[in-house]
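One structure is given below, encoded as structure tokens.
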Amino acid sequence: VAVIGGGPGGAHCARRLAEAGLRVTLFEPRPSHEKPCGGGIPARGLERFPFLDDPRLPRREIRRCLLVAPSGREADVPLADPLHVFSRADLHDFMMRRALEAGARHAPARVVTFERAAAGARARNGGEGGWTLRLAAPDGVEGPFDFLVAADGAAGPARRRLAGGPPAGSLSQGIGYYLPGVSEDCITLKFYHRLNGYLWVFPRPGHSSAGICGTLGDLPTAGLKGLMDEFLRIRYGPEPLARSTRYAALIPATTAAPRPATMQGDGWALVGDAAGLVDALTREGIYYAILSGEILARAIEAGRPDEYARTWRRNLAPELTRAARYARGFFDPSFIERLVRLCARSPRVARVLSDLLAGRQAYATLKPRLILNAPLIGFEVMASRLRATRDVRPARDS
Ligand SMILES: Cc1cc2nc3c(=O)[nH]c(=O)nc-3n(C[C@H](O)[C@H](O)[C@H](O)COP(=O)(O)OP(=O)(O)OC[C@H]3O[C@@H](n4cnc5c(N)ncnc54)[C@H](O)[C@@H]3O)c2cc1C
């Protein structure tokens, strides 16, 4: 099996295939690098993949979330389950090492293109695959491989070649900053008018990762950068901004389209970002990349690679499609203002948000949960208003 890309999706798939005894080559040109990313993995991710809870892999466990509405109104939301924040360089090294320890072979080269032998030639060889990969390296050809796993991320060439470009409206633009010396005990999520996305600050070991994302075309890159710079300058002063390292990157996502995008064909499959397996609301993708690598490896191991797309569509795709549907209304400024107000006044609403961030609240049951809790939420809001009036009165009297 040839795996193109050693991010979380490709590296985990390579590890699982090597463990199953298959011969795997993992093509990853970059040694250790800070991939443009927040690096946040919800509690659900560490429960499903306990290997991430390894003392050799540094992380911050964050238990508070500061929500900031477009008006500037804030809510401090306790997180019942921590958000785990990793440096992507550390995560990259760790996942690659796991793949190689299990027996995958590392080819440290960029795959430029690939092709497959014609069906007749494959049949004559008695083989299924016949994939040949061309590399950006001096002795640049490898193969033949029976199966091709494309895990080369949102900007890699594989998806376009195998399944066409990303679906319309599925891409977000992200601008990010690494902020040395900024390390808080909460994550910050800030929302803006006219932005189907948000700004974040995630504290990591040794630095913070900050960024802003919105649907591609919402705002020009300079506009996103302007909002981000202004926020950082006001919040932390000029110094961290001046010392920051910046990047821009695209974030794919699963769309609400009724017809799912192609993620698999004869002798090949896409995993992670290459398949657009990102939550369109939160832009969470690391968990889905690892999970898709896991499901594909299991299907290949069982000799039924075609089960991969079926399993995904049956079990995971409906939730990601719902995320895309919810995302449309979620970033509406009036909804966000209400949400932030409610989070500040009702522990029940704050808990729903905390569960959403932890990956414990499915979108499918979000509305029923809120409706069921509505009377108690109303009571909490009223009690909070009364408390606020009582606290203000003595000040007026004096
Ligand atoms: C700004 C931003 C913030 C984000 N924040 C979060 C977050 O906080 N939490 C979260 O869960 N998700 C977040 N995401 C999404 C997350 O980064 C991705 O979903 C995740 O990294 C996908 O993993 P992957 O393995 O599919 O791809 P990637 O991590 O992109 O890995 C792809 C790998 O393929 C390699 N590659 C590329 N081209 C080739 C080639 N031609 N040949 C060989 N190798 C190649 C690359 O070097 C890379 O190592 C964010 C994304 C962005 C852009």
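Chain labels A, B, ... are given in the sequence in which chains occur in the structure tokens; within each chain residues are numbered consecutively from 1, and ligands are likewise numbered from 1 in the order shown.
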Report the residues of segment 27-91 of chain A whose backbone DSSP state falls under strand (DSSP E or B), written as JSON, numbers by chain. {"A": [27, 40, 41, 60, 61, 62, 63, 64, 65, 66, 67, 68, 74, 75, 76, 77, 78, 79, 80, 81, 82, 83, 84, 85]}
Please dump the current selection as a compact mmCIF listing (two decimals), in the first residue's frame; keep C-alpha atoms.
```txt
# COMPACT_ATOMS: atom_id res chain seq x y z
CA PHE A 27 5.38 9.20 1.48
CA GLY A 40 -7.30 21.35 19.48
CA ILE A 41 -8.62 17.82 19.94
CA ARG A 60 -2.32 21.62 27.30
CA GLU A 61 -5.63 20.63 28.86
CA ILE A 62 -7.92 23.63 28.80
CA ARG A 63 -11.01 23.80 31.00
CA ARG A 64 -12.46 27.23 30.22
CA CYS A 65 -13.74 28.85 27.07
CA LEU A 66 -14.18 32.61 26.69
CA LEU A 67 -16.90 33.35 24.13
CA VAL A 68 -16.95 36.84 22.64
CA GLU A 74 -18.50 37.91 26.79
CA ALA A 75 -19.38 34.62 28.47
CA ASP A 76 -16.92 32.53 30.47
CA VAL A 77 -17.91 28.90 29.90
CA PRO A 78 -16.45 26.14 32.10
CA LEU A 79 -15.55 23.06 30.06
CA ALA A 80 -16.75 19.88 31.73
CA ASP A 81 -14.29 17.92 29.58
CA PRO A 82 -10.99 19.55 28.68
CA LEU A 83 -10.00 20.57 25.18
CA HIS A 84 -6.57 19.03 24.52
CA VAL A 85 -4.29 21.37 22.59
```
Need the shell around Ala317 of chain A: protein/DNA/RNA residues with any atom at most 9 Å away, counting only C-alpha atoms. Skip same-chain ones fewer than 3 positions apart. Format as a compact mmCIF listing (two decimals) with N, CA and C atoms, in the first residue's frame?
```txt
# COMPACT_ATOMS: atom_id res chain seq x y z
N THR A 254 -17.01 18.93 5.00
CA THR A 254 -18.13 18.19 4.42
C THR A 254 -19.27 19.18 4.24
N PRO A 260 -23.21 12.85 -1.44
CA PRO A 260 -21.90 12.96 -0.81
C PRO A 260 -20.77 12.97 -1.83
N LEU A 277 -13.10 15.67 5.17
CA LEU A 277 -13.77 15.17 6.38
C LEU A 277 -13.52 16.11 7.56
N TRP A 312 -18.34 4.87 6.39
CA TRP A 312 -18.30 6.30 6.68
C TRP A 312 -19.68 6.92 6.44
N ARG A 313 -20.26 6.60 5.28
CA ARG A 313 -21.55 7.23 4.92
C ARG A 313 -22.64 6.84 5.89
N ARG A 314 -22.60 5.58 6.33
CA ARG A 314 -23.64 5.11 7.24
C ARG A 314 -23.48 5.75 8.62
N LEU A 320 -21.71 14.97 10.03
CA LEU A 320 -20.95 16.05 9.39
C LEU A 320 -21.84 16.86 8.44
N THR A 321 -22.79 16.19 7.82
CA THR A 321 -23.73 16.91 6.94
C THR A 321 -24.60 17.84 7.79
N ARG A 322 -25.02 17.35 8.97
CA ARG A 322 -25.81 18.21 9.88
C ARG A 322 -24.99 19.42 10.32
```
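Of the listed residues (A:Cys37, A:Phe191, A:Gly130, A:Ala18), A:Cys37 comes nearest to Gly285 of chain A; the distances count only C-alpha atoms.
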Can you tell me which residues sit at most 6 Å away from ligand 1, counting only C-alpha atoms and all ligand atoms, written as a ChimeraX atom specification? /A:4-10,27-30,36-41,110-112,151-153,156-157,174-176,249-251,272-274,278,283-287,289
Compare A:Val24, A:Ala43, A:Ala69, A:Leu162 by their minimum atom-to-atom distance to Met263 of chain A, counting only C-alpha atoms, and give me the closest one. A:Leu162
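Candidate residues A:Pro258, A:Pro144, A:Gly45, A:Gly293 were compared for distance to Ala99 of chain A, and the nearest is A:Gly293, using only C-alpha atoms.
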Using DSSP on the backbone coordinates, identify the residues of segment 174-361 of chain A assigned to alpha helix (DSSP H); present them as number ranges by chain. A: 221-236, 238-243, 286-301, 307-315, 317-330, 333-345, 347-358
Convert the current residue selection to file output with C-alpha atoms, as a PDB file, in the first residue's frame.
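The resulting file, result-v3.pdb, is shown below:
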```pdb
ATOM      1  CA  THR A 221      -7.381  37.720   3.299  1.00  0.00           C
ATOM      2  CA  ALA A 222      -6.373  41.297   4.181  1.00  0.00           C
ATOM      3  CA  GLY A 223      -9.732  41.759   5.951  1.00  0.00           C
ATOM      4  CA  LEU A 224      -9.250  38.608   8.043  1.00  0.00           C
ATOM      5  CA  LYS A 225      -5.717  39.689   8.877  1.00  0.00           C
ATOM      6  CA  GLY A 226      -6.931  43.150   9.896  1.00  0.00           C
ATOM      7  CA  LEU A 227      -9.468  41.671  12.358  1.00  0.00           C
ATOM      8  CA  MET A 228      -6.897  39.284  13.793  1.00  0.00           C
ATOM      9  CA  ASP A 229      -4.158  41.921  14.196  1.00  0.00           C
ATOM     10  CA  GLU A 230      -6.567  44.317  15.878  1.00  0.00           C
ATOM     11  CA  PHE A 231      -7.792  41.670  18.317  1.00  0.00           C
ATOM     12  CA  LEU A 232      -4.266  40.568  19.268  1.00  0.00           C
ATOM     13  CA  ARG A 233      -2.997  44.139  19.655  1.00  0.00           C
ATOM     14  CA  ILE A 234      -5.853  45.125  21.951  1.00  0.00           C
ATOM     15  CA  ARG A 235      -5.742  41.934  23.982  1.00  0.00           C
ATOM     16  CA  TYR A 236      -1.990  41.310  24.343  1.00  0.00           C
ATOM     17  CA  PRO A 238       2.003  45.068  20.312  1.00  0.00           C
ATOM     18  CA  GLU A 239       4.857  42.749  21.337  1.00  0.00           C
ATOM     19  CA  PRO A 240       3.406  39.222  20.814  1.00  0.00           C
ATOM     20  CA  LEU A 241       2.003  40.335  17.460  1.00  0.00           C
ATOM     21  CA  ALA A 242       5.389  41.683  16.383  1.00  0.00           C
ATOM     22  CA  ARG A 243       7.087  38.393  17.364  1.00  0.00           C
ATOM     23  CA  ILE A 286      -7.799  15.976  13.259  1.00  0.00           C
ATOM     24  CA  TYR A 287     -10.160  13.474  14.893  1.00  0.00           C
ATOM     25  CA  TYR A 288     -11.922  12.749  11.587  1.00  0.00           C
ATOM     26  CA  ALA A 289      -8.574  12.322   9.806  1.00  0.00           C
ATOM     27  CA  ILE A 290      -7.425   9.705  12.339  1.00  0.00           C
ATOM     28  CA  LEU A 291     -10.845   8.039  12.365  1.00  0.00           C
ATOM     29  CA  SER A 292     -11.003   7.803   8.577  1.00  0.00           C
ATOM     30  CA  GLY A 293      -7.472   6.321   8.528  1.00  0.00           C
ATOM     31  CA  GLU A 294      -8.618   3.755  11.096  1.00  0.00           C
ATOM     32  CA  ILE A 295     -11.806   2.785   9.221  1.00  0.00           C
ATOM     33  CA  LEU A 296      -9.969   2.485   5.895  1.00  0.00           C
ATOM     34  CA  ALA A 297      -7.187   0.355   7.401  1.00  0.00           C
ATOM     35  CA  ARG A 298      -9.749  -1.993   8.927  1.00  0.00           C
ATOM     36  CA  ALA A 299     -11.578  -2.341   5.615  1.00  0.00           C
ATOM     37  CA  ILE A 300      -8.333  -3.073   3.726  1.00  0.00           C
ATOM     38  CA  GLU A 301      -7.242  -5.541   6.413  1.00  0.00           C
ATOM     39  CA  GLU A 307     -16.551  -1.067   2.900  1.00  0.00           C
ATOM     40  CA  TYR A 308     -14.667   2.117   3.849  1.00  0.00           C
ATOM     41  CA  ALA A 309     -16.914   4.647   2.085  1.00  0.00           C
ATOM     42  CA  ARG A 310     -20.036   2.663   3.014  1.00  0.00           C
ATOM     43  CA  THR A 311     -19.103   2.594   6.726  1.00  0.00           C
ATOM     44  CA  TRP A 312     -18.299   6.302   6.684  1.00  0.00           C
ATOM     45  CA  ARG A 313     -21.547   7.226   4.924  1.00  0.00           C
ATOM     46  CA  ARG A 314     -23.635   5.106   7.245  1.00  0.00           C
ATOM     47  CA  ASN A 315     -22.068   6.145  10.555  1.00  0.00           C
ATOM     48  CA  ALA A 317     -21.392  11.371   7.233  1.00  0.00           C
ATOM     49  CA  PRO A 318     -24.897  12.236   8.585  1.00  0.00           C
ATOM     50  CA  GLU A 319     -23.403  14.096  11.559  1.00  0.00           C
ATOM     51  CA  LEU A 320     -20.947  16.054   9.390  1.00  0.00           C
ATOM     52  CA  THR A 321     -23.734  16.910   6.945  1.00  0.00           C
ATOM     53  CA  ARG A 322     -25.813  18.205   9.877  1.00  0.00           C
ATOM     54  CA  ALA A 323     -22.829  20.310  10.993  1.00  0.00           C
ATOM     55  CA  ALA A 324     -22.831  21.956   7.561  1.00  0.00           C
ATOM     56  CA  ARG A 325     -26.576  22.623   7.805  1.00  0.00           C
ATOM     57  CA  TYR A 326     -26.281  24.117  11.319  1.00  0.00           C
ATOM     58  CA  ALA A 327     -23.250  26.197  10.322  1.00  0.00           C
ATOM     59  CA  ARG A 328     -25.463  28.317   8.042  1.00  0.00           C
ATOM     60  CA  GLY A 329     -27.511  29.668  10.954  1.00  0.00           C
ATOM     61  CA  PHE A 330     -24.951  29.393  13.737  1.00  0.00           C
ATOM     62  CA  PRO A 333     -24.770  37.563  14.542  1.00  0.00           C
ATOM     63  CA  SER A 334     -28.172  37.728  16.260  1.00  0.00           C
ATOM     64  CA  PHE A 335     -27.963  34.004  17.065  1.00  0.00           C
ATOM     65  CA  ILE A 336     -24.431  34.356  18.440  1.00  0.00           C
ATOM     66  CA  GLU A 337     -25.441  37.361  20.574  1.00  0.00           C
ATOM     67  CA  ARG A 338     -28.288  35.305  22.063  1.00  0.00           C
ATOM     68  CA  LEU A 339     -26.040  32.277  22.558  1.00  0.00           C
ATOM     69  CA  VAL A 340     -23.378  34.281  24.400  1.00  0.00           C
ATOM     70  CA  ARG A 341     -26.018  35.960  26.596  1.00  0.00           C
ATOM     71  CA  LEU A 342     -27.596  32.609  27.405  1.00  0.00           C
ATOM     72  CA  CYS A 343     -24.235  30.958  28.149  1.00  0.00           C
ATOM     73  CA  ALA A 344     -23.496  33.738  30.645  1.00  0.00           C
ATOM     74  CA  ARG A 345     -26.884  33.335  32.378  1.00  0.00           C
ATOM     75  CA  PRO A 347     -25.390  26.900  33.315  1.00  0.00           C
ATOM     76  CA  ARG A 348     -27.548  24.484  31.290  1.00  0.00           C
ATOM     77  CA  VAL A 349     -26.853  26.269  28.001  1.00  0.00           C
ATOM     78  CA  ALA A 350     -23.169  26.622  28.953  1.00  0.00           C
ATOM     79  CA  ARG A 351     -23.093  22.862  29.533  1.00  0.00           C
ATOM     80  CA  VAL A 352     -24.598  22.188  26.092  1.00  0.00           C
ATOM     81  CA  LEU A 353     -21.862  24.302  24.524  1.00  0.00           C
ATOM     82  CA  SER A 354     -19.211  22.551  26.599  1.00  0.00           C
ATOM     83  CA  ASP A 355     -20.540  19.172  25.421  1.00  0.00           C
ATOM     84  CA  LEU A 356     -20.529  20.369  21.802  1.00  0.00           C
ATOM     85  CA  LEU A 357     -16.875  21.421  22.099  1.00  0.00           C
ATOM     86  CA  ALA A 358     -16.012  18.068  23.698  1.00  0.00           C
TER      87      ALA A 358
END
```
Would you work out the distance separating atom CA of Ser87 of chain A from atom CA of Lys35 of chain A, expressed in Å to one decimal? 8.8 Å
Contact residues around Asp266 of chain A with only C-alpha atoms at 10 Å, ignoring same-chain residues under 3 positions, as a VMD selection string: chain A and resid 128 to 129 147 to 148 269 305 to 306
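Taking only C-alpha atoms into account, Leu281 of chain A lies nearest to A:Thr215 out of the set A:Pro70, A:Leu316, A:Thr215, A:Ser183.
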For Ile377 of chain A, list every protein, DNA or RNA residue within 10 Å, evaluated using only C-alpha atoms, and leave out those in the same chain fewer than 2 positions away; present the list as a list in words.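 Once the nearby chain positions are removed, what remains is Leu342, Arg345, Ser346, Pro347, Arg348, Val349, Leu370, Ile371, Leu372, Asn373, Ala374, Pro375, Phe379, Glu380, Val381, Met382 and Ala383 of chain A.
Each of A:Ala154, A:Ala121, A:Ala107, A:Leu100 was compared to Leu270 of chain A using only C-alpha atoms, and A:Ala154 turns out to be the nearest.
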Using Å and a single decimal, report how far atom CA of Thr113 of chain A sits from atom CA of Ala155 of chain A.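 Spanning atom CA of Ala155 of chain A to atom CA of Thr113 of chain A is a straight-line distance of 13.9 Å.
Distance check against Pro252 of chain A using only C-alpha atoms: of A:Pro31, A:Gly165, A:Gly206, A:Gly359, the minimum falls on A:Gly165.
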Report, in Å with one decimal, the straight-line distance from atom CA of Asp54 of chain A to atom CA of Pro180 of chain A. 24.1 Å
